[in-house]
Structure formats: structure tokens, C-alpha cells
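Text of structure13.cif, listed as mmCIF, C-alpha atoms:
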```
data_input
loop_
_atom_site.group_PDB
_atom_site.id
_atom_site.type_symbol
_atom_site.label_atom_id
_atom_site.label_comp_id
_atom_site.auth_asym_id
_atom_site.auth_seq_id
_atom_site.Cartn_x
_atom_site.Cartn_y
_atom_site.Cartn_z
ATOM 1 C CA MET A 1 111.531 132.599 113.733
ATOM 2 C CA GLU A 2 111.471 130.326 116.772
ATOM 3 C CA ASP A 3 113.876 130.981 119.633
ATOM 4 C CA TYR A 4 116.266 128.023 119.662
ATOM 5 C CA ASP A 5 118.435 127.255 122.676
ATOM 6 C CA HIS A 6 122.118 127.213 121.925
ATOM 7 C CA ILE A 7 123.284 123.646 121.372
ATOM 8 C CA PRO A 8 127.088 123.693 120.935
ATOM 9 C CA ASN A 9 128.760 121.782 118.130
ATOM 10 C CA VAL A 10 130.805 119.118 119.860
ATOM 11 C CA ASP A 11 132.309 117.506 116.764
ATOM 12 C CA ALA A 12 132.526 117.790 112.985
ATOM 13 C CA GLU A 13 129.397 115.678 112.458
ATOM 14 C CA HIS A 14 127.239 118.008 114.540
ATOM 15 C CA SER A 15 128.813 121.052 112.937
ATOM 16 C CA ILE A 16 127.682 119.737 109.553
ATOM 17 C CA LEU A 17 124.194 119.123 110.932
ATOM 18 C CA ASN A 18 123.970 122.704 112.187
ATOM 19 C CA SER A 19 125.103 123.979 108.803
ATOM 20 C CA MET A 20 122.395 121.991 107.005
ATOM 21 C CA LEU A 21 119.825 123.121 109.579
ATOM 22 C CA GLY A 22 120.551 126.715 108.634
ATOM 23 C CA GLU A 23 120.543 126.041 104.906
ATOM 24 C CA TYR A 24 117.276 124.118 104.737
ATOM 25 C CA PHE A 25 115.297 125.388 107.739
ATOM 26 C CA HIS A 26 116.867 128.805 108.433
ATOM 27 C CA HIS A 27 117.518 128.006 112.111
ATOM 28 C CA GLN A 28 120.884 128.543 113.808
ATOM 29 C CA HIS A 29 120.592 125.818 116.413
ATOM 30 C CA PHE A 30 118.633 122.711 117.256
ATOM 31 C CA LYS A 31 116.025 123.046 119.969
ATOM 32 C CA ASN A 32 117.647 120.525 122.262
ATOM 33 C CA LYS A 33 120.294 117.818 122.392
ATOM 34 C CA THR A 34 117.731 115.025 122.053
ATOM 35 C CA GLN A 35 116.467 116.463 118.784
ATOM 36 C CA ARG A 36 119.967 116.779 117.339
ATOM 37 C CA ASP A 37 121.113 113.335 118.481
ATOM 38 C CA ALA A 38 117.970 111.659 117.122
ATOM 39 C CA ILE A 39 118.466 113.284 113.720
ATOM 40 C CA SER A 40 122.116 112.249 113.707
ATOM 41 C CA LYS A 41 121.146 108.617 114.377
ATOM 42 C CA ILE A 42 118.348 108.633 111.782
ATOM 43 C CA MET A 43 120.635 109.956 109.067
ATOM 44 C CA LYS A 44 122.997 107.002 109.482
ATOM 45 C CA ARG A 45 120.164 104.816 108.103
ATOM 46 C CA GLU A 46 121.420 101.818 110.091
ATOM 47 C CA THR A 47 118.383 101.241 112.309
ATOM 48 C CA ASP A 48 114.757 102.202 112.840
ATOM 49 C CA VAL A 49 114.369 104.918 115.478
ATOM 50 C CA ILE A 50 111.674 105.974 117.961
ATOM 51 C CA VAL A 51 111.590 109.652 118.957
ATOM 52 C CA SER A 52 109.406 110.889 121.818
ATOM 53 C CA LEU A 53 109.306 114.651 122.313
ATOM 54 C CA PRO A 54 106.565 116.806 123.894
ATOM 55 C CA LYS A 55 104.735 119.409 121.844
ATOM 56 C CA GLY A 56 106.972 122.390 121.152
ATOM 57 C CA HIS A 57 110.251 120.493 121.507
ATOM 58 C CA GLY A 58 110.932 119.843 117.825
ATOM 59 C CA ARG A 59 109.480 116.392 117.206
ATOM 60 C CA THR A 60 108.399 117.115 113.622
ATOM 61 C CA LEU A 61 111.845 118.330 112.604
ATOM 62 C CA CYS A 62 113.264 114.954 113.665
ATOM 63 C CA PHE A 63 111.751 113.374 110.564
ATOM 64 C CA GLN A 64 111.493 116.382 108.245
ATOM 65 C CA PHE A 65 115.210 117.152 108.488
ATOM 66 C CA PRO A 66 116.488 113.729 107.313
ATOM 67 C CA ILE A 67 113.784 113.550 104.655
ATOM 68 C CA LEU A 68 114.517 116.916 103.082
ATOM 69 C CA ILE A 69 118.289 117.255 103.037
ATOM 70 C CA CYS A 70 118.830 114.540 100.431
ATOM 71 C CA GLN A 71 117.819 114.969 96.820
ATOM 72 C CA ARG A 72 115.277 113.260 94.599
ATOM 73 C CA LYS A 73 113.573 110.913 97.049
ATOM 74 C CA VAL A 74 110.019 110.546 98.280
ATOM 75 C CA SER A 75 109.255 109.759 101.916
ATOM 76 C CA ILE A 76 105.945 108.641 103.373
ATOM 77 C CA VAL A 77 104.571 109.988 106.658
ATOM 78 C CA PHE A 78 101.727 107.909 108.067
ATOM 79 C CA VAL A 79 99.279 109.869 110.224
ATOM 80 C CA GLY A 80 96.016 109.011 111.946
ATOM 81 C CA VAL A 81 93.980 112.001 110.731
ATOM 82 C CA SER A 82 94.789 114.194 107.736
ATOM 83 C CA SER A 83 93.481 117.399 109.370
ATOM 84 C CA ARG A 84 96.211 117.143 112.017
ATOM 85 C CA VAL A 85 98.958 117.897 109.494
ATOM 86 C CA ASN A 86 97.512 120.916 107.696
ATOM 87 C CA MET A 87 99.882 123.269 109.512
ATOM 88 C CA GLN A 88 102.896 121.091 108.712
ATOM 89 C CA ILE A 89 101.947 121.004 105.047
ATOM 90 C CA ALA A 90 101.421 124.778 104.910
ATOM 91 C CA ARG A 91 104.910 125.357 106.350
ATOM 92 C CA LEU A 92 106.501 122.974 103.851
ATOM 93 C CA ASN A 93 104.659 124.607 100.953
ATOM 94 C CA ARG A 94 106.013 127.996 102.006
ATOM 95 C CA ARG A 95 109.504 126.523 101.586
ATOM 96 C CA GLU A 96 108.501 125.349 98.083
ATOM 97 C CA ILE A 97 108.718 121.698 99.132
ATOM 98 C CA HIS A 98 106.426 119.386 97.219
ATOM 99 C CA VAL A 99 103.875 117.737 99.528
ATOM 100 C CA GLU A 100 100.923 115.492 98.747
ATOM 101 C CA ILE A 101 98.312 114.036 101.073
ATOM 102 C CA ILE A 102 96.569 110.718 100.528
ATOM 103 C CA ASP A 103 93.480 109.728 102.474
ATOM 104 C CA ALA A 104 90.279 107.766 101.992
ATOM 105 C CA ARG A 105 88.960 110.419 99.594
ATOM 106 C CA THR A 106 91.887 110.096 97.152
ATOM 107 C CA SER A 107 90.668 108.744 93.810
ATOM 108 C CA LEU A 108 92.497 106.417 91.421
ATOM 109 C CA GLU A 109 92.998 109.376 89.075
ATOM 110 C CA GLU A 110 94.598 111.349 91.894
ATOM 111 C CA PHE A 111 96.907 108.412 92.701
ATOM 112 C CA ASP A 112 98.008 108.388 89.055
ATOM 113 C CA ASN A 113 98.579 112.149 89.121
ATOM 114 C CA ILE A 114 100.719 111.827 92.245
ATOM 115 C CA LYS A 115 102.777 109.080 90.615
ATOM 116 C CA ASN A 116 103.291 111.175 87.467
ATOM 117 C CA THR A 117 104.294 114.213 89.500
ATOM 118 C CA ILE A 118 106.826 112.161 91.468
ATOM 119 C CA ASN A 119 108.278 110.748 88.246
ATOM 120 C CA ASN A 120 108.630 114.237 86.781
ATOM 121 C CA LEU A 121 110.275 115.647 89.897
ATOM 122 C CA SER A 122 112.754 112.763 90.052
ATOM 123 C CA HIS A 123 114.282 113.971 86.792
ATOM 124 C CA ILE A 124 115.027 117.446 88.164
ATOM 125 C CA ARG A 125 118.406 117.218 89.878
ATOM 126 C CA SER A 126 117.886 120.352 91.970
ATOM 127 C CA THR A 127 114.532 119.226 93.338
ATOM 128 C CA LEU A 128 114.261 118.681 97.081
ATOM 129 C CA ASN A 129 112.671 115.513 98.331
ATOM 130 C CA SER A 130 108.916 115.127 98.170
ATOM 131 C CA MET A 131 106.728 114.073 101.089
ATOM 132 C CA LEU A 132 103.530 112.047 101.047
ATOM 133 C CA TYR A 133 101.293 112.312 104.090
ATOM 134 C CA VAL A 134 99.149 109.181 104.184
ATOM 135 C CA THR A 135 96.359 108.291 106.599
ATOM 136 C CA THR A 136 96.658 104.784 108.008
ATOM 137 C CA ASP A 137 93.204 103.738 106.794
ATOM 138 C CA VAL A 138 94.373 103.655 103.156
ATOM 139 C CA VAL A 139 97.452 101.472 103.801
ATOM 140 C CA PRO A 140 95.733 98.163 102.875
ATOM 141 C CA THR A 141 94.188 99.535 99.651
ATOM 142 C CA VAL A 142 95.360 98.313 96.258
ATOM 143 C CA ASP A 143 95.897 101.849 94.926
ATOM 144 C CA PHE A 144 98.231 102.790 97.756
ATOM 145 C CA LEU A 145 100.135 99.494 97.688
ATOM 146 C CA ASN A 146 100.673 99.897 93.942
ATOM 147 C CA LEU A 147 102.021 103.409 94.466
ATOM 148 C CA LEU A 148 104.323 102.209 97.248
ATOM 149 C CA HIS A 149 105.593 99.337 95.120
ATOM 150 C CA HIS A 150 106.288 101.800 92.303
ATOM 151 C CA LEU A 151 108.371 103.978 94.640
ATOM 152 C CA VAL A 152 110.392 100.978 95.816
ATOM 153 C CA MET A 153 110.981 99.574 92.328
ATOM 154 C CA THR A 154 112.174 102.953 91.024
ATOM 155 C CA ASN A 155 114.471 103.434 94.058
ATOM 156 C CA SER A 156 112.503 106.572 94.941
ATOM 157 C CA LEU A 157 111.514 105.784 98.540
ATOM 158 C CA GLY A 158 113.603 107.528 101.210
ATOM 159 C CA PHE A 159 112.107 107.042 104.684
ATOM 160 C CA ILE A 160 108.868 105.771 106.160
ATOM 161 C CA VAL A 161 107.576 107.730 109.147
ATOM 162 C CA VAL A 162 104.794 106.730 111.539
ATOM 163 C CA ASP A 163 103.645 109.801 113.453
ATOM 164 C CA THR A 164 101.665 108.453 116.413
ATOM 165 C CA SER A 165 101.675 111.775 118.235
ATOM 166 C CA TYR A 166 97.903 111.858 118.650
ATOM 167 C CA CYS A 167 97.402 108.114 119.062
ATOM 168 C CA GLU A 168 99.370 107.189 122.192
ATOM 169 C CA ASN A 169 96.193 105.882 123.810
ATOM 170 C CA ASP A 170 96.153 103.103 121.205
ATOM 171 C CA TRP A 171 99.392 101.735 122.585
ATOM 172 C CA ILE A 172 98.412 102.307 126.213
ATOM 173 C CA SER A 173 95.110 100.451 125.777
ATOM 174 C CA GLY A 174 96.556 97.740 123.559
ATOM 175 C CA GLN A 175 94.316 98.676 120.604
ATOM 176 C CA THR A 176 96.980 97.994 117.989
ATOM 177 C CA ASP A 177 94.980 96.060 115.381
ATOM 178 C CA LYS A 178 94.876 99.122 113.130
ATOM 179 C CA TYR A 179 98.665 98.957 112.834
ATOM 180 C CA GLN A 180 98.806 95.418 111.432
ATOM 181 C CA ALA A 181 98.882 96.758 107.858
ATOM 182 C CA LEU A 182 101.934 98.841 108.776
ATOM 183 C CA ARG A 183 103.495 95.761 110.368
ATOM 184 C CA ARG A 184 103.120 93.915 107.067
ATOM 185 C CA LEU A 185 104.770 96.794 105.213
ATOM 186 C CA ARG A 186 107.712 96.739 107.623
ATOM 187 C CA ASN A 187 108.179 93.034 106.994
ATOM 188 C CA THR A 188 107.915 93.476 103.223
ATOM 189 C CA TYR A 189 110.239 96.407 102.537
ATOM 190 C CA LEU A 190 113.108 95.551 104.836
ATOM 191 C CA GLN A 191 115.727 98.016 103.603
ATOM 192 C CA ILE A 192 113.734 101.251 104.094
ATOM 193 C CA PRO A 193 114.495 102.983 107.445
ATOM 194 C CA TRP A 194 111.494 103.721 109.656
ATOM 195 C CA ILE A 195 111.051 106.630 112.061
ATOM 196 C CA VAL A 196 108.313 106.507 114.703
ATOM 197 C CA THR A 197 107.432 109.708 116.562
ATOM 198 C CA THR A 198 105.303 110.218 119.653
ATOM 199 C CA GLN A 199 104.540 113.037 122.072
ATOM 200 C CA LYS A 200 104.899 110.840 125.114
ATOM 201 C CA ALA A 201 106.145 107.281 125.265
ATOM 202 C CA SER A 202 107.105 105.294 128.321
ATOM 203 C CA TYR A 203 109.480 102.370 128.060
ATOM 204 C CA GLU A 204 106.446 100.064 127.887
ATOM 205 C CA ILE A 205 104.877 102.032 125.029
ATOM 206 C CA ALA A 206 108.167 102.123 123.118
ATOM 207 C CA SER A 207 108.482 98.346 123.550
ATOM 208 C CA CYS A 208 104.911 97.856 122.308
ATOM 209 C CA ILE A 209 105.596 100.031 119.249
ATOM 210 C CA THR A 210 108.790 98.101 118.508
ATOM 211 C CA SER A 211 107.121 94.692 118.680
ATOM 212 C CA THR A 212 103.858 95.678 116.952
ATOM 213 C CA LEU A 213 105.560 97.352 113.984
ATOM 214 C CA CYS A 214 108.465 94.867 113.875
ATOM 215 C CA LEU A 215 111.002 97.667 113.965
ATOM 216 C CA ARG A 216 114.438 96.470 113.005
ATOM 217 C CA THR A 217 118.093 97.338 112.567
ATOM 218 C CA GLN A 218 120.217 97.100 109.425
ATOM 219 C CA ARG A 219 123.372 96.270 111.380
ATOM 220 C CA PRO A 220 124.122 92.661 112.377
ATOM 221 C CA ASP A 221 126.023 93.847 115.473
ATOM 222 C CA ILE A 222 122.909 95.531 116.926
ATOM 223 C CA LEU A 223 120.347 93.243 118.520
ATOM 224 C CA GLY A 224 116.966 93.278 116.813
ATOM 225 C CA ASP A 225 115.207 94.455 119.973
ATOM 226 C CA SER A 226 117.739 97.243 120.618
ATOM 227 C CA ILE A 227 115.927 99.919 118.650
ATOM 228 C CA PRO A 228 117.134 103.401 119.714
ATOM 229 C CA TRP A 229 114.489 105.296 121.655
ATOM 230 C CA PHE A 230 115.173 109.019 122.048
ATOM 231 C CA THR A 231 113.242 110.800 124.770
ATOM 232 C CA MET A 232 113.777 113.690 127.127
ATOM 233 C CA ASN A 233 112.942 114.702 130.658
ATOM 234 C CA ILE A 234 111.891 118.325 130.367
ATOM 235 C CA GLU A 235 112.286 118.815 134.116
ATOM 236 C CA ASP A 236 115.938 117.787 134.083
ATOM 237 C CA ASP A 237 118.517 117.314 131.362
ATOM 238 C CA ASP A 238 117.877 115.586 128.063
ATOM 239 C CA VAL A 239 117.935 111.813 128.324
ATOM 240 C CA LEU A 240 118.835 109.252 125.673
ATOM 241 C CA VAL A 241 117.662 105.712 126.349
ATOM 242 C CA ASP A 242 119.289 103.137 124.049
ATOM 243 C CA ARG A 243 117.518 99.839 124.637
#
```
Let's see the structure in the file written out as C-alpha cells.
Amino acid sequence: MEDYDHIPNVDAEHSILNSMLGEYFHHQHFKNKTQRDAISKIMKRETDVIVSLPKGHGRTLCFQFPILICQRKVSIVFVGVSSRVNMQIARLNRREIHVEIIDARTSLEEFDNIKNTINNLSHIRSTLNSMLYVTTDVVPTVDFLNLLHHLVMTNSLGFIVVDTSYCENDWISGQTDKYQALRRLRNTYLQIPWIVTTQKASYEIASCITSTLCLRTQRPDILGDSIPWFTMNIEDDDVLVDR
């Protein structure tokens, strides 16, 4: 088990979060304040959120925690390369969490099998959420769009995650054309909360991500360009930048 720094419970909300962390992930404490605060914001489902944490500081948990604590939903995690998430999938499988991966090699028959499995799991009240890891190259395909539409129409879609942890250079260099299909999804399914994770994101990169993906808020009292961006300075204290 990983050695987690002690993050005190400052109120009832965070006490509940710590309790769920122990129940679902068998950890006593969050790794840092940024991780806990990001998860707290994401779970309110009132705005899209960007989380930037270096390797080893709990970035993956920021989207796995909200996805898994609710019942009978499917969440999609978009990744650049499927081989990057093999370790994540192995860990989830050890916790008996249902995970599928969809990439360019996924056949129509396999799409149908995934849909049938999701439908079967949705009728088991005790079943934890399922996760679909999807490579970005299949986003524009008819098979994937049909599956996504099915999830939305059956009220089975929980969160959409874009894990850009190994693609920061795309944003730095301005090579964002590959994300236009994701932009269209964000503008089509407006009510599904999005989580974007990175290993390192400056204010400029976070702004580019926000505008490229059309990240949004569900609350009319929050400006559309005020998407919460959680980051930390590992040399000093944790920092929360709310733009």
C-alpha cells in the first residue's frame, strides 16, 4: 500500500470523502490537498474540471474516485495510446471493477459485446461503475458514436475524462486538430461533466485546453471561461488556481 501523507479532515464533506476513499480504495488519506479538493469539486458535477498533477501525486485517482463511488454508471476515459493504461486497467481488475478498452482494433462484434455487457451490469444493483478506456482515434467512428449515443439515451453515462498526461506537447505546440472530435462531443452532450487531467499544465496550456475542448460549467453564476484548474507546486504548498 502506498504511503499517503496525512491530510486532516477539515469538515464533514471531507470526512465523508476520506471514508469513501477507505471503502473503495483501501487508503486512509489522500495524497495531498490538491487531490482531495479536485475530487470534491468534481463530485459536485457543476462544472468541468482540469487537474494537473505530476507523476506519483495521485492524478489518476482524481477521476477514478468520482467514477467508481456511484453505482450503475459507465464513464469514458479518452487516452492517446492504449498501452499507456495497461497498469491502470490491471489495478482496477484486481478490485473486480469492470473495465473495457476500445481502440482502432475493436471490431463491430466487440462493440456489440461491450454494449450487451454494460446493459447486463446496469441491472445488477450492487455493481460498481464500469469504465471504458477509449483511444482518441476512434472517437469519430460510427461504431463508437453509436455506443456513446446508447449510453446517453439509457442514462448510463457518468463522466467523460480526457487524460492528456502524455500529450502535453500537443497543447504547447498548438497541434490540437486531433481534439476537434472531442470538441464536437463536448458541444453535443452538454450535461455530462468532463474531467481533463495532465501531468504538467501552465496557465496557457490550461486556457488552450479549455477553449479547444469547449469546457463548460453547469451553473449560470459561474462564467463560462472560469473552469476550475487544480494544480500544485511541489516545491512549496499545494496551490489551487480558480480562473
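Atom CA of Ile50 of chain A lies 7.8 Å from atom CA of Thr198 of chain A.
Coordinates place atom CA of Thr106 of chain A at a distance of 15.4 Å from atom CA of Gly80 of chain A.
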ask   = atom CA of Asn155 of chain A and atom CA of Pro193 of chain A are how many Å apart?
value =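 Pair atom CA of Asn155 of chain A / atom CA of Pro193 of chain A returns 13.4 Å.
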Can you list every residue of segment 15-102 of chain A that has an atom at most 12 Å from segment 176-185 of chain A, with its nearest atom pair and the distance in Å to one decimal, using all atoms listed in the file, ordered by chain then number, as CSV?
```
residue,atom,partner,partner_atom,distance
A:Ile76,CA,A:Leu182,CA,11.9
A:Val77,CA,A:Leu182,CA,11.6
A:Phe78,CA,A:Leu182,CA,9.1
A:Val79,CA,A:Tyr179,CA,11.2
A:Gly80,CA,A:Lys178,CA,10.0
```
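Distance annotation: of A:Val162, A:Cys167, A:Ile16, A:Ala90, the residue with the minimal separation from Gln199 of chain A is A:Cys167; atom set is all atoms listed in the file.
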message = Can you pull out the residues contacting segment 203-209 of chain A? Cut-off 12 Å, using all atoms listed in the file, and skip same-chain residues under 4 positions away; I want them as a count of residues only.
response = 45
Using only C-alpha atoms: which of A:Ser165, A:Gln64, A:Thr188, A:Gln35 has the shortest distance to Asn129 of chain A = A:Gln64
message = as a PyMOL selection string, please: the residues near Ala104 of chain A (cut-off 10 Å, all atoms listed in the file, same-chain neighbours under 5 positions excluded).
response = chain A and resi 82+134-139+141
query = Pick the closest to Leu17 of chain A from A:His29, A:Arg45, A:His150, A:Arg186: which is it, counting all atoms listed in the file?
reply = A:His29
ask   = Near Val74 of chain A, counting only C-alpha atoms, which residues have an atom at most 12 Å away, once you skip same-chain residues fewer than 6 positions from it, shown as a PyMOL selection string?
value = chain A and resi 64+66-68+97-100+114-115+117-119+121-122+127-133+147-148+150-152+154-161+192
request  = Would you please work out which residue, of A:Ser83, A:Asn187, A:Asn32, A:Ser107, is nearest to Thr212 of chain A when using only C-alpha atoms?
outcome  = A:Asn187
key: Minimum-distance residue to Ala38 of chain A, chosen among A:Ile69, A:Leu53, A:Met20, A:Cys62 (using only C-alpha atoms)   =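 Closest to Ala38 of chain A, using only C-alpha atoms: A:Cys62.
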Might I get the box with edges along x, y and z of the file that holds all atoms of segment 192-197 of chain A listed there, padded by 5 Å on every side, given as centre and edge lengths in Å to one decimal, as AutoDock Vina command-line options?
```
--center_x 111.0 --center_y 105.5 --center_z 110.3 --size_x 17.1 --size_y 18.5 --size_z 22.5
```
